[in-house]
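*Asks:* The structure file final_4.cif (mmCIF, C-alpha atoms) is provided below.
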```cif
data_input
loop_
_atom_site.label_atom_id
_atom_site.label_comp_id
_atom_site.auth_asym_id
_atom_site.auth_seq_id
_atom_site.Cartn_x
_atom_site.Cartn_y
_atom_site.Cartn_z
CA MET P 1 23.44 -39.75 52.23
CA GLN P 2 23.38 -36.69 49.97
CA MET P 3 23.62 -38.86 46.84
CA ALA P 4 20.77 -41.04 48.08
CA SER P 5 18.68 -37.95 48.83
CA SER P 6 19.29 -36.49 45.35
CA LEU P 7 18.40 -39.81 43.71
CA PHE P 8 15.21 -39.94 45.76
CA ASP P 9 14.29 -36.38 44.73
CA SER P 10 14.92 -37.13 41.05
CA GLU P 11 12.71 -40.21 41.27
CA GLN P 12 10.00 -38.13 42.90
CA ASN P 13 10.26 -35.52 40.11
CA VAL P 14 10.00 -38.21 37.43
CA LYS P 15 6.90 -39.57 39.12
CA ALA P 16 5.47 -36.07 39.56
CA GLU P 17 5.77 -35.13 35.90
CA PRO P 18 3.09 -37.56 34.63
CA ALA P 19 0.86 -36.54 37.51
CA LEU P 20 1.31 -32.88 36.55
CA LYS P 21 0.47 -33.63 32.93
CA VAL P 22 -2.63 -35.54 33.99
CA LYS P 23 -3.67 -32.65 36.23
CA ASN P 24 -3.14 -30.13 33.42
CA LEU P 25 -5.11 -32.33 31.06
CA ARG P 26 -8.00 -32.54 33.52
CA VAL P 27 -8.01 -28.76 34.05
CA GLY P 28 -7.78 -28.12 30.31
CA SER P 29 -10.56 -30.59 29.59
CA LYS P 30 -12.82 -28.89 32.13
CA LEU P 31 -12.09 -25.47 30.61
CA GLY P 32 -12.66 -26.87 27.11
CA VAL P 33 -16.01 -28.29 28.13
CA ILE P 34 -16.91 -24.95 29.71
CA PHE P 35 -16.10 -23.13 26.46
CA CYS P 36 -18.14 -25.64 24.46
CA LEU P 37 -21.08 -25.23 26.84
CA ARG P 38 -20.64 -21.48 26.64
CA GLY P 39 -20.97 -21.79 22.87
CA ALA P 40 -24.22 -23.66 23.31
CA TYR P 41 -25.35 -21.01 25.78
CA TYR P 42 -24.69 -18.25 23.27
CA PHE P 43 -26.49 -20.31 20.70
CA GLU P 44 -29.55 -20.28 22.93
CA ILE P 45 -29.18 -16.53 23.57
CA PHE P 46 -28.98 -15.64 19.89
CA GLY P 47 -31.47 -18.29 18.91
CA GLY P 48 -34.13 -18.37 21.62
CA HIS P 49 -33.84 -15.37 23.92
CA MET P 50 -33.91 -12.89 21.04
CA SER P 51 -37.14 -14.48 19.75
CA SER P 52 -39.05 -12.35 22.25
CA ILE P 53 -38.24 -9.30 20.11
CA THR P 54 -41.11 -8.47 17.83
CA PRO P 55 -39.99 -8.80 14.19
CA VAL P 56 -40.87 -6.28 11.53
CA SER P 57 -43.49 -6.98 8.95
CA SER P 58 -42.67 -9.80 6.58
CA GLN P 59 -43.37 -7.47 3.66
CA ALA P 60 -40.38 -5.36 4.64
CA ILE P 61 -38.02 -8.32 4.36
CA SER P 62 -36.94 -8.58 0.76
CA PRO P 63 -33.89 -10.87 1.11
CA PRO P 64 -34.33 -14.53 1.99
CA VAL P 65 -34.43 -14.96 5.78
CA THR P 66 -34.54 -18.21 7.71
CA GLY P 67 -38.02 -19.05 8.92
CA GLY P 68 -37.46 -19.51 12.67
CA SER P 69 -35.25 -17.84 15.22
CA ARG P 70 -33.92 -21.26 16.30
CA ALA P 71 -33.07 -22.37 12.77
CA TRP P 72 -29.53 -23.38 11.91
CA THR P 73 -28.15 -20.42 10.00
CA ASP P 74 -24.63 -20.18 8.61
CA VAL P 75 -23.58 -17.68 11.27
CA LYS P 76 -24.87 -19.85 14.11
CA ILE P 77 -23.02 -22.87 12.81
CA LYS P 78 -19.87 -20.82 12.39
CA ARG P 79 -20.20 -19.42 15.90
CA ILE P 80 -20.63 -22.90 17.44
CA CYS P 81 -17.58 -24.15 15.53
CA LEU P 82 -15.54 -21.22 16.78
CA TYR P 83 -16.46 -21.89 20.41
CA ILE P 84 -15.63 -25.58 19.99
CA PHE P 85 -12.29 -24.62 18.47
CA ALA P 86 -11.67 -22.24 21.39
CA GLY P 87 -12.40 -25.07 23.83
CA LEU P 88 -10.03 -27.44 22.05
CA ALA P 89 -7.39 -24.72 22.01
CA VAL P 90 -7.71 -24.35 25.79
CA ILE P 91 -7.23 -28.12 26.18
CA GLY P 92 -4.15 -27.91 24.00
CA ALA P 93 -2.82 -24.99 26.03
CA ALA P 94 -3.28 -26.93 29.28
CA VAL P 95 -1.51 -30.02 27.88
CA CYS P 96 1.45 -27.97 26.57
CA ALA P 97 1.72 -25.69 29.61
CA GLY P 98 4.49 -27.64 31.32
CA VAL P 99 6.16 -28.99 28.18
CA ALA P 100 6.06 -26.28 25.50
CA PRO P 101 5.16 -22.82 26.91
CA ILE P 102 5.38 -21.16 23.50
CA ALA P 103 2.93 -23.63 21.97
CA SER P 104 0.66 -23.15 24.99
CA LEU P 105 0.74 -19.38 24.43
CA ALA P 106 -0.14 -19.91 20.76
CA PHE P 107 -3.15 -22.04 21.78
CA VAL P 108 -4.28 -19.33 24.21
CA LEU P 109 -4.00 -16.62 21.55
CA GLY P 110 -5.90 -18.81 19.07
CA SER P 111 -8.64 -19.39 21.62
CA GLY P 112 -8.94 -15.66 22.35
CA ALA P 113 -9.05 -14.80 18.64
CA SER P 114 -11.80 -17.37 18.08
CA LEU P 115 -13.87 -16.00 20.96
CA TRP P 116 -13.46 -12.43 19.73
CA TYR P 117 -14.37 -13.32 16.15
CA ALA P 118 -17.40 -15.34 17.29
CA ARG P 119 -18.76 -12.34 19.20
CA THR P 120 -18.36 -10.04 16.17
CA LEU P 121 -20.46 -12.21 13.85
CA ILE P 122 -23.92 -10.88 13.08
CA ASP P 123 -26.67 -13.33 12.12
CA TYR P 124 -28.63 -11.32 9.56
CA GLN P 125 -30.65 -14.44 8.61
CA ASN P 126 -32.26 -14.56 12.05
CA PRO P 127 -35.56 -12.59 11.81
CA SER P 128 -35.40 -11.51 15.47
CA ILE P 129 -31.87 -10.16 15.20
CA LEU P 130 -32.66 -8.54 11.85
CA ALA P 131 -35.69 -6.81 13.37
CA ALA P 132 -33.56 -5.46 16.23
CA LEU P 133 -30.93 -4.20 13.79
CA ARG P 134 -33.57 -2.44 11.71
CA ARG P 135 -35.05 -0.70 14.73
CA ALA P 136 -31.62 0.49 15.90
CA ALA P 137 -30.25 1.52 12.48
CA PRO P 138 -31.96 4.99 12.23
CA SER P 139 -30.23 6.10 15.44
CA PHE P 140 -26.77 5.63 13.88
CA SER P 141 -24.99 7.77 11.31
CA LEU P 142 -24.25 6.39 7.87
CA SER P 143 -20.52 6.16 8.61
CA GLU P 144 -21.23 4.06 11.72
CA LEU P 145 -23.58 1.77 9.80
CA LEU P 146 -21.07 1.31 6.99
CA LYS P 147 -18.28 0.57 9.44
CA LYS P 148 -20.35 -2.10 11.18
CA HIS P 149 -22.34 -3.63 8.31
CA GLY P 150 -20.88 -2.42 5.02
CA TRP P 151 -22.81 -1.27 1.96
CA ASP P 152 -23.83 -4.75 0.84
CA ASN P 153 -25.43 -5.88 4.11
CA LEU P 154 -26.96 -2.44 4.70
CA LEU P 155 -28.85 -2.56 1.40
CA TYR P 156 -29.39 -6.30 0.95
CA TYR P 157 -31.06 -6.70 4.35
CA GLN P 158 -32.64 -3.22 4.14
CA LEU P 159 -31.52 -2.12 7.58
CA LEU P 160 -32.79 1.34 6.68
CA GLU P 161 -36.13 2.09 5.07
CA PRO P 162 -35.83 4.07 1.79
CA ILE P 163 -36.94 7.34 3.43
CA ALA P 164 -34.61 6.86 6.40
CA PHE P 165 -31.79 5.90 4.03
CA GLU P 166 -32.14 9.14 2.06
CA SER P 167 -32.25 11.24 5.22
CA THR P 168 -29.23 9.48 6.74
CA TYR P 169 -27.35 9.78 3.46
CA ARG P 170 -27.96 13.54 3.27
CA SER P 171 -26.94 14.09 6.90
CA HIS P 172 -23.70 12.23 6.30
CA ALA P 173 -22.96 14.00 2.99
CA ASP P 174 -23.38 17.42 4.64
CA LEU P 175 -20.27 16.70 6.72
CA LEU P 176 -18.05 15.72 3.77
CA SER P 177 -15.96 17.60 1.25
CA PHE P 178 -17.19 17.73 -2.33
CA ASN P 179 -14.78 15.03 -3.56
CA GLU P 180 -15.87 12.78 -0.69
CA ILE P 181 -19.52 13.41 -1.62
CA VAL P 182 -18.81 12.29 -5.19
CA SER P 183 -16.95 9.22 -3.94
CA LEU P 184 -19.86 8.38 -1.61
CA PHE P 185 -22.30 8.68 -4.53
CA TYR P 186 -20.29 6.27 -6.68
CA ASP P 187 -19.92 3.80 -3.79
CA ALA P 188 -23.67 3.85 -3.15
CA GLN P 189 -24.43 3.36 -6.85
CA SER P 190 -22.04 0.44 -7.07
CA ALA P 191 -23.50 -1.17 -3.93
CA ILE P 192 -27.04 -0.87 -5.30
CA GLY P 193 -25.93 -2.51 -8.53
CA ARG P 194 -24.36 -5.41 -6.62
CA THR P 195 -27.47 -5.82 -4.46
CA ARG P 196 -29.75 -5.81 -7.52
CA SER P 197 -27.73 -8.62 -9.09
CA ARG P 198 -27.66 -10.50 -5.79
CA SER P 199 -31.42 -10.38 -5.14
CA ALA P 200 -34.15 -10.08 -7.74
CA ALA P 201 -36.59 -8.99 -5.00
CA PHE P 202 -34.54 -5.87 -4.21
CA ARG P 203 -36.29 -2.75 -5.52
CA SER P 204 -33.47 -0.37 -6.30
CA ALA P 205 -35.92 2.31 -7.44
CA ASP P 206 -37.08 2.71 -3.83
CA TYR P 207 -33.60 3.81 -2.72
CA PHE P 208 -32.93 7.31 -3.98
CA ILE P 209 -29.31 8.49 -3.96
CA PRO P 210 -29.10 12.30 -3.95
CA CYS P 211 -27.04 13.68 -6.80
CA PRO P 212 -23.77 15.46 -5.85
CA GLY P 213 -25.11 18.45 -7.77
CA GLU P 214 -27.23 19.24 -4.69
CA TRP P 215 -24.00 20.16 -2.89
CA LYS P 216 -22.95 22.73 -5.48
CA GLY P 217 -22.69 25.28 -2.69
CA GLN P 218 -20.05 23.13 -1.00
CA PHE P 219 -18.03 23.13 -4.22
CA ASN P 220 -18.31 26.92 -4.53
CA ARG P 221 -17.14 27.42 -0.94
CA GLU P 222 -14.17 25.11 -1.42
CA THR P 223 -13.07 26.70 -4.72
CA ARG P 224 -13.51 30.34 -3.74
CA GLY P 225 -10.29 32.15 -4.67
CA MET P 226 -8.88 29.21 -6.67
CA GLY P 227 -7.58 29.47 -10.21
CA CYS P 228 -8.70 27.15 -12.98
CA ALA P 229 -5.48 25.12 -12.86
CA GLU P 230 -5.88 24.48 -9.13
CA ILE P 231 -9.54 23.50 -9.60
CA LEU P 232 -8.57 21.04 -12.33
CA ASP P 233 -5.88 19.54 -10.09
CA ARG P 234 -8.34 18.91 -7.23
CA TYR P 235 -11.60 18.10 -8.99
CA PRO P 236 -12.04 15.79 -12.01
CA LEU P 237 -13.50 17.73 -14.91
CA LYS P 238 -15.72 14.80 -15.91
CA ASP P 239 -17.48 14.93 -12.50
CA LEU P 240 -18.06 18.67 -12.73
CA LYS P 241 -19.56 18.13 -16.17
CA ALA P 242 -21.60 15.02 -15.30
CA PHE P 243 -23.27 16.52 -12.22
CA GLU P 244 -23.64 20.05 -13.72
CA ILE P 245 -21.71 21.65 -10.90
CA VAL P 246 -20.63 24.62 -13.04
CA SER P 247 -22.47 26.58 -15.70
CA LYS P 248 -21.89 25.97 -19.40
CA ARG P 249 -19.69 29.06 -19.70
CA GLU P 250 -17.65 28.08 -16.66
CA LEU P 251 -17.31 24.56 -18.05
CA GLY P 252 -16.05 25.96 -21.34
CA LEU P 253 -13.41 28.03 -19.53
CA LEU P 254 -12.31 25.01 -17.50
CA GLU P 255 -11.98 22.93 -20.66
CA LYS P 256 -9.95 25.74 -22.23
CA ALA P 257 -7.72 25.82 -19.15
CA ALA P 258 -7.31 22.04 -19.32
CA SER P 259 -6.15 22.35 -22.94
CA ALA P 260 -3.65 25.03 -21.93
CA VAL P 261 -2.28 22.88 -19.09
CA ARG P 262 -1.97 19.90 -21.41
CA ALA P 263 -0.16 21.96 -24.06
CA PHE P 264 2.24 23.38 -21.46
CA ARG P 265 3.13 19.94 -20.09
CA GLU P 266 3.58 18.47 -23.56
CA GLY P 267 5.84 21.36 -24.56
CA LYS P 268 7.92 20.93 -21.41
CA ARG P 269 8.30 17.20 -22.05
CA ASP P 270 9.22 17.73 -25.71
CA LEU P 271 11.96 20.22 -24.80
CA GLU P 272 13.48 17.83 -22.26
CA GLN P 273 13.42 15.01 -24.82
CA ARG P 274 15.11 17.32 -27.33
CA PHE P 275 17.90 18.09 -24.85
CA PHE P 276 18.32 14.38 -24.11
CA HIS P 277 18.63 13.44 -27.80
CA GLU P 278 20.99 16.32 -28.64
CA THR P 279 23.34 15.43 -25.78
CA SER P 280 23.11 11.63 -26.01
CA GLN P 281 26.33 11.38 -28.04
CA ALA P 282 28.12 13.64 -25.57
CA ARG P 283 27.00 11.44 -22.67
CA SER P 284 28.13 8.32 -24.52
CA ASP P 285 31.55 9.88 -25.16
CA ARG P 286 31.79 10.96 -21.53
CA ASN P 287 30.98 7.45 -20.25
CA ARG P 288 33.50 5.92 -22.63
CA SER P 289 36.27 8.34 -21.66
CA ASN P 290 35.52 7.91 -17.95
CA GLY P 291 35.51 4.13 -18.36
CA ILE P 292 38.89 4.20 -20.16
CA ALA P 293 40.52 6.39 -17.50
CA ARG P 294 39.21 4.32 -14.61
CA LEU P 295 39.94 1.01 -16.34
CA GLN P 296 43.56 1.96 -17.01
CA CYS P 297 43.99 2.71 -13.32
CA CYS P 298 42.45 -0.68 -12.44
CA LEU P 299 44.82 -2.45 -14.85
CA VAL P 300 47.81 -0.86 -13.13
CA GLY P 301 46.48 -2.04 -9.77
CA CYS P 302 46.00 -5.59 -11.07
CA GLN P 303 49.55 -5.60 -12.45
CA GLU P 304 50.91 -4.46 -9.09
CA ILE P 305 49.08 -7.31 -7.34
CA GLU P 306 50.37 -9.83 -9.87
CA ARG P 307 53.98 -8.76 -9.28
CA ALA P 308 53.66 -8.48 -5.50
CA PRO P 309 54.95 -11.24 -3.20
CA GLU P 310 52.38 -13.38 -1.37
CA LYS P 311 53.18 -11.92 2.03
CA GLU P 312 52.43 -8.43 0.75
CA VAL P 313 49.22 -9.38 -1.04
CA HIS P 314 47.96 -11.10 2.09
CA TRP P 315 47.48 -7.72 3.75
CA ILE P 316 44.93 -6.53 1.18
CA LYS P 317 41.60 -5.99 2.89
CA ASP P 318 39.04 -8.72 2.10
CA PHE P 319 41.51 -10.35 -0.27
CA SER P 320 40.09 -13.31 -2.15
CA LYS P 321 41.87 -15.00 -5.04
CA GLU P 322 38.57 -16.06 -6.62
CA ARG P 323 37.16 -12.54 -6.39
CA TYR P 324 40.37 -11.07 -7.76
CA LYS P 325 40.41 -13.49 -10.71
CA THR P 326 36.78 -12.73 -11.55
CA LEU P 327 37.25 -8.95 -11.43
CA SER P 328 40.54 -9.09 -13.26
CA SER P 329 39.01 -11.21 -16.04
CA ARG P 330 36.14 -8.76 -16.31
CA CYS P 331 38.64 -5.92 -16.47
CA MET P 332 40.48 -7.54 -19.40
CA THR P 333 37.18 -8.13 -21.22
CA LEU P 334 36.20 -4.47 -20.84
CA ASN P 335 39.61 -3.42 -22.11
CA ARG P 336 39.03 -5.46 -25.29
CA ILE P 337 35.56 -3.91 -25.66
CA ILE P 338 37.10 -0.44 -25.55
CA ASP P 339 39.85 -1.38 -28.02
CA GLN P 340 37.20 -2.57 -30.48
CA GLY P 341 35.46 0.80 -30.27
CA HIS P 342 32.27 -0.43 -28.65
CA ALA P 343 30.28 1.70 -26.21
CA LEU P 344 30.25 0.87 -22.51
CA GLU P 345 26.95 -0.17 -20.94
CA ASN P 346 25.83 0.73 -17.43
CA SER P 347 26.66 -2.81 -16.29
CA ASP P 348 30.22 -2.34 -17.59
CA LEU P 349 30.62 0.89 -15.66
CA GLN P 350 29.30 -0.81 -12.51
CA ALA P 351 31.84 -3.63 -12.94
CA ILE P 352 34.67 -1.09 -13.27
CA GLU P 353 33.42 0.73 -10.17
CA SER P 354 33.29 -2.55 -8.20
CA LEU P 355 36.87 -3.41 -9.15
CA GLU P 356 38.01 0.14 -8.44
CA ASN P 357 36.47 0.16 -4.95
CA TRP P 358 38.00 -3.24 -4.16
CA LEU P 359 41.49 -2.14 -5.22
CA GLU P 360 41.32 1.16 -3.32
CA SER P 361 40.40 -0.70 -0.14
CA SER P 362 44.00 -1.98 0.02
CA ARG P 363 46.28 0.33 1.99
CA TRP P 364 49.31 -1.56 0.65
CA LEU P 365 48.28 -1.01 -2.98
CA CYS P 366 47.45 2.66 -2.46
CA ASN P 367 51.00 3.21 -1.16
CA ARG P 368 52.57 1.78 -4.32
CA PRO P 369 54.09 4.61 -6.44
CA ALA P 370 52.87 3.21 -9.75
CA TYR P 371 49.28 2.89 -8.52
CA ARG P 372 49.33 6.37 -6.95
CA THR P 373 50.55 7.78 -10.25
CA SER P 374 47.76 5.98 -12.13
CA GLN P 375 45.20 7.39 -9.68
CA ASN P 376 46.43 10.93 -10.28
CA LEU P 377 46.29 10.41 -14.05
CA ARG P 378 42.77 9.01 -13.70
CA ASN P 379 41.56 11.96 -11.64
CA THR P 380 43.08 14.42 -14.10
CA ALA P 381 41.44 12.62 -17.01
CA LEU P 382 38.05 12.58 -15.26
CA ARG P 383 38.21 16.32 -14.65
CA ALA P 384 39.10 16.92 -18.30
CA VAL P 385 36.22 14.75 -19.46
CA LYS P 386 33.79 16.63 -17.21
CA GLU P 387 34.99 19.99 -18.51
CA GLN P 388 34.60 18.84 -22.10
CA PHE P 389 31.12 17.50 -21.41
CA ASP P 390 30.08 20.76 -19.73
CA ARG P 391 31.41 22.82 -22.63
CA HIS P 392 29.29 20.82 -25.01
CA THR P 393 26.08 20.56 -22.98
CA LYS P 394 25.89 23.84 -21.05
CA PRO P 395 25.03 25.98 -24.10
CA LYS P 396 22.31 23.51 -25.09
CA ARG P 397 21.06 23.45 -21.50
CA LYS P 398 20.82 27.27 -21.51
CA GLU P 399 19.00 27.15 -24.83
CA ILE P 400 16.47 24.59 -23.55
CA ASP P 401 16.01 26.52 -20.29
CA ALA P 402 15.28 29.71 -22.24
CA LEU P 403 12.67 27.87 -24.31
CA GLN P 404 11.18 26.39 -21.13
CA LEU P 405 10.91 29.86 -19.63
CA GLU P 406 9.24 31.16 -22.77
CA ASN P 407 6.81 28.26 -22.70
CA ARG P 408 5.96 28.93 -19.04
CA GLU P 409 5.46 32.66 -19.59
CA HIS P 410 3.10 31.99 -22.49
CA TYR P 411 1.20 29.49 -20.31
CA GLU P 412 0.92 31.86 -17.35
CA ILE P 413 -0.37 34.72 -19.56
CA LYS P 414 -3.00 32.46 -21.09
CA MET P 415 -4.06 31.07 -17.70
CA ALA P 416 -4.33 34.57 -16.23
CA GLU P 417 -6.78 35.52 -18.99
CA ILE P 418 -8.83 32.39 -18.41
CA ASP P 419 -8.85 32.94 -14.61
CA ASN P 420 -10.08 36.52 -15.04
CA ASP P 421 -12.92 35.36 -17.30
CA PHE P 422 -13.76 32.56 -14.88
CA THR P 423 -13.89 34.91 -11.87
CA GLY P 424 -16.03 37.40 -13.80
CA CYS P 425 -18.38 34.61 -14.84
CA ARG P 426 -18.80 33.52 -11.20
CA ASP P 427 -19.30 37.05 -9.90
CA GLY P 428 -21.79 37.78 -12.65
#
```
If you took the structure in this file and wrote it as structure tokens, what would it be?
*Replies:*
Amino acid sequence: MQMASSLFDSEQNVKAEPALKVKNLRVGSKLGVIFCLRGAYYFEIFGGHMSSITPVSSQAISPPVTGGSRAWTDVKIKRICLYIFAGLAVIGAAVCAGVAPIASLAFVLGSGASLWYARTLIDYQNPSILAALRRAAPSFSLSELLKKHGWDNLLYYQLLEPIAFESTYRSHADLLSFNEIVSLFYDAQSAIGRTRSRSAAFRSADYFIPCPGEWKGQFNRETRGMGCAEILDRYPLKDLKAFEIVSKRELGLLEKAASAVRAFREGKRDLEQRFFHETSQARSDRNRSNGIARLQCCLVGCQEIERAPEKEVHWIKDFSKERYKTLSSRCMTLNRIIDQGHALENSDLQAIESLENWLESSRWLCNRPAYRTSQNLRNTALRAVKEQFDRHTKPKRKEIDALQLENREHYEIKMAEIDNDFTGCRDG
């Protein structure tokens, strides 16, 4: 009886699965149709309902705008396509709900993203919408307008009249630092240039961009108490010169300070290059001696492994015959390089280090007397090489450091004189 009951239940489940899929498909289809109709509804809202808004004068519209509010603009077509895609995604989610939950979730997320993106699109080519945007634009700050529309749309569709643009620009610039004011000026200039090339009807002369020189007081407040070097680090000298932020005498002192900073940095770099060239042979000898000492220790380890019985070698950590053969062959090659008197490259030293680390990972090998003796000899040789290198390079390092200190002292004295003249020029 129990077997018959279970067979009956399984048959019922098999029959129920197609019915469930059909039900999900019907529900998904209904939701998809709803989303498609909702797209058409939004089309009517953006196309017809907004037509009751009184548009601005046609003379104020310089860019090409579609003639009627119900015309098929690019944004409207894109919005309808997005709503249709969202509807199809809902149908797909309903079909996959009982079969592939992850795919169903992906369809749902795609539908939500399409709906969100469709609602963020702005149809600038619709005269009614454009008129509403132009009426609302003066009530927003420039940062809010740029965040929503960007420079190109703000200027191309003339969301702000030239007088309102200048006023909004000044109000926004008053809240910025001087460097941000300069950056805003360059961004506005670049946007006007792009808009002029995009539309021949755009009159760039109507849009006045205030010069950063009008915010000279902001620069003076920010630089009060600063030295010339700090001013040069924070503010490009070409901008201070281009916008006449400082007087001619102050500009001359800043250029003199820039020359002093450049000479100090060049002197510092030349001294470091001199130390590098004078000690290059010592570094090469050190690397060679270190490589010889470490390589001899590795050769002893390889010989111990070659002579060891298989049962002993088996206990080496991460033992691999192929790896051992590769490293051992590399070790022999490096030994021949050293015998021929050639210098060791960084890749050679890295190969020696790799072999050395692999050998020292074996507890069995580290307990072998011959290998322990070779390790002690290696460590003694490395200490001797370091002492010899320090004896050769430390005097030169002290000499270079003394010259660096002299260079810095000369630079600081010169900068102190320039800073005093600069402060007196400002106070005067």
*Asks:* For atom CA of P:Phe85 and atom CA of P:Ala106, quote the distance in Å rounded to one decimal.
*Replies:*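 Here the two named atoms are 13.2 Å from each other.
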*Asks:* Would you list the contacts of P:Lys216 as a PyMOL selection string, taking every protein, DNA or RNA residue within 12 Å and counting all atoms listed in the file, but skipping same-chain residues closer than 5 positions in sequence?
*Replies:* chain P and resi 174+177-179+181-182+211+221-223+239-240+243-247
*Asks:* Kindly save the residues from that selection, with C-alpha atoms included, as a PDB file, in the coordinates of the input.
*Replies:*
```pdb
ATOM      1  CA  ASP P 174     -23.380  17.420   4.640  1.00  0.00           C
ATOM      2  CA  SER P 177     -15.960  17.600   1.250  1.00  0.00           C
ATOM      3  CA  PHE P 178     -17.190  17.730  -2.330  1.00  0.00           C
ATOM      4  CA  ASN P 179     -14.780  15.030  -3.560  1.00  0.00           C
ATOM      5  CA  ILE P 181     -19.520  13.410  -1.620  1.00  0.00           C
ATOM      6  CA  VAL P 182     -18.810  12.290  -5.190  1.00  0.00           C
ATOM      7  CA  CYS P 211     -27.040  13.680  -6.800  1.00  0.00           C
ATOM      8  CA  ARG P 221     -17.140  27.420  -0.940  1.00  0.00           C
ATOM      9  CA  GLU P 222     -14.170  25.110  -1.420  1.00  0.00           C
ATOM     10  CA  THR P 223     -13.070  26.700  -4.720  1.00  0.00           C
ATOM     11  CA  ASP P 239     -17.480  14.930 -12.500  1.00  0.00           C
ATOM     12  CA  LEU P 240     -18.060  18.670 -12.730  1.00  0.00           C
ATOM     13  CA  PHE P 243     -23.270  16.520 -12.220  1.00  0.00           C
ATOM     14  CA  GLU P 244     -23.640  20.050 -13.720  1.00  0.00           C
ATOM     15  CA  ILE P 245     -21.710  21.650 -10.900  1.00  0.00           C
ATOM     16  CA  VAL P 246     -20.630  24.620 -13.040  1.00  0.00           C
ATOM     17  CA  SER P 247     -22.470  26.580 -15.700  1.00  0.00           C
TER      18      SER P 247
END
```
*Asks:* Between atom CA of P:Ser199 and atom CA of P:Ala173, what is the spacing in Å?
*Replies:*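 Atom CA of P:Ala173 sits 27.1 Å away from atom CA of P:Ser199.
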*Asks:* Let me know the residues the PyMOL selection byres ((chain P and resi 359) around 10) catches in the file above, as number ranges by chain.
*Replies:* P: 297-298, 301-302, 305, 316-317, 319, 324, 353-358, 360-366, 371
*Asks:* Considering only C-alpha atoms, return as a compact mmCIF listing (two decimals) with C-alpha atoms, keeping the file's coordinate frame whatever protein or nucleic-acid residues lie within 10 Å of stretch 204-207 of chain P, sequence-local ones (same chain, fewer than 4 positions apart) excluded.
*Replies:*
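selection.txt written:
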```
# COMPACT_ATOMS: atom_id res chain seq x y z
CA LEU P 155 -28.85 -2.56 1.40
CA GLN P 158 -32.64 -3.22 4.14
CA LEU P 160 -32.79 1.34 6.68
CA GLU P 161 -36.13 2.09 5.07
CA PRO P 162 -35.83 4.07 1.79
CA ILE P 163 -36.94 7.34 3.43
CA ALA P 164 -34.61 6.86 6.40
CA PHE P 165 -31.79 5.90 4.03
CA GLU P 166 -32.14 9.14 2.06
CA ALA P 188 -23.67 3.85 -3.15
CA GLN P 189 -24.43 3.36 -6.85
CA ILE P 192 -27.04 -0.87 -5.30
CA GLY P 193 -25.93 -2.51 -8.53
CA THR P 195 -27.47 -5.82 -4.46
CA ARG P 196 -29.75 -5.81 -7.52
CA ALA P 200 -34.15 -10.08 -7.74
```
*Asks:* Taking the file as I've supplied it (selection: the PyMOL selection byres ((chain P and resi 261) around 10)), which residues are included? Please answer as a list in words.
*Replies:* Cys228, Ala229, Leu232, Glu255, Lys256, Ala257, Ala258, Ser259, Ala260, Arg262, Ala263, Phe264, Arg265, Glu266, Gly267, Tyr411, Glu412, Lys414 and Met415 of chain P
*Asks:* Export, as an mmCIF file, in the coordinates of the input, the selected residues with C-alpha atoms.
*Replies:*
```cif
data_model
loop_
_atom_site.group_PDB
_atom_site.id
_atom_site.type_symbol
_atom_site.label_atom_id
_atom_site.label_comp_id
_atom_site.auth_asym_id
_atom_site.auth_seq_id
_atom_site.Cartn_x
_atom_site.Cartn_y
_atom_site.Cartn_z
ATOM 1 C CA CYS P 228 -8.700 27.150 -12.980
ATOM 2 C CA ALA P 229 -5.480 25.120 -12.860
ATOM 3 C CA LEU P 232 -8.570 21.040 -12.330
ATOM 4 C CA GLU P 255 -11.980 22.930 -20.660
ATOM 5 C CA LYS P 256 -9.950 25.740 -22.230
ATOM 6 C CA ALA P 257 -7.720 25.820 -19.150
ATOM 7 C CA ALA P 258 -7.310 22.040 -19.320
ATOM 8 C CA SER P 259 -6.150 22.350 -22.940
ATOM 9 C CA ALA P 260 -3.650 25.030 -21.930
ATOM 10 C CA ARG P 262 -1.970 19.900 -21.410
ATOM 11 C CA ALA P 263 -0.160 21.960 -24.060
ATOM 12 C CA PHE P 264 2.240 23.380 -21.460
ATOM 13 C CA ARG P 265 3.130 19.940 -20.090
ATOM 14 C CA GLU P 266 3.580 18.470 -23.560
ATOM 15 C CA GLY P 267 5.840 21.360 -24.560
ATOM 16 C CA TYR P 411 1.200 29.490 -20.310
ATOM 17 C CA GLU P 412 0.920 31.860 -17.350
ATOM 18 C CA LYS P 414 -3.000 32.460 -21.090
ATOM 19 C CA MET P 415 -4.060 31.070 -17.700
#
```
*Asks:* Neighbouring residues of P:Ile292 were defined as those with any atom within 10 Å, considering all atoms listed in the file; residues of the same chain fewer than 3 positions away were excluded. Please report them as a ChimeraX atom specification.
*Replies:* /P:286-289,295-298,334-335,338-339,344,349,352,378,381-382
*Asks:* Just give me the gap between atom CA of P:Ser111 and atom CA of P:Gly87 in Å, one decimal is fine.
*Replies:*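 Interatomic distance, atom CA of P:Ser111 to atom CA of P:Gly87: 7.2 Å.
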*Asks:* Just checking: using all atoms listed in the file, which residue out of P:Asn407, P:Ser197, P:Asn220, P:Thr393 ends up closest to P:Arg426?
*Replies:*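 Among P:Asn407, P:Ser197, P:Asn220, P:Thr393, it is P:Asn220 that comes nearest to P:Arg426.
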*Asks:* Nearest to P:Arg283: which of P:Leu115, P:Ile91, P:Leu146, P:Val385 is it, counting all atoms listed in the file?
*Replies:* P:Val385
*Asks:* Using the chain letters and numbers from this file, what does the PyMOL selection byres ((chain P and resi 88-90) around 7) select? Give the answer as a PyMOL selection string.
*Replies:* chain P and resi 28+31-32+84-87+91-94+107-108+110-111
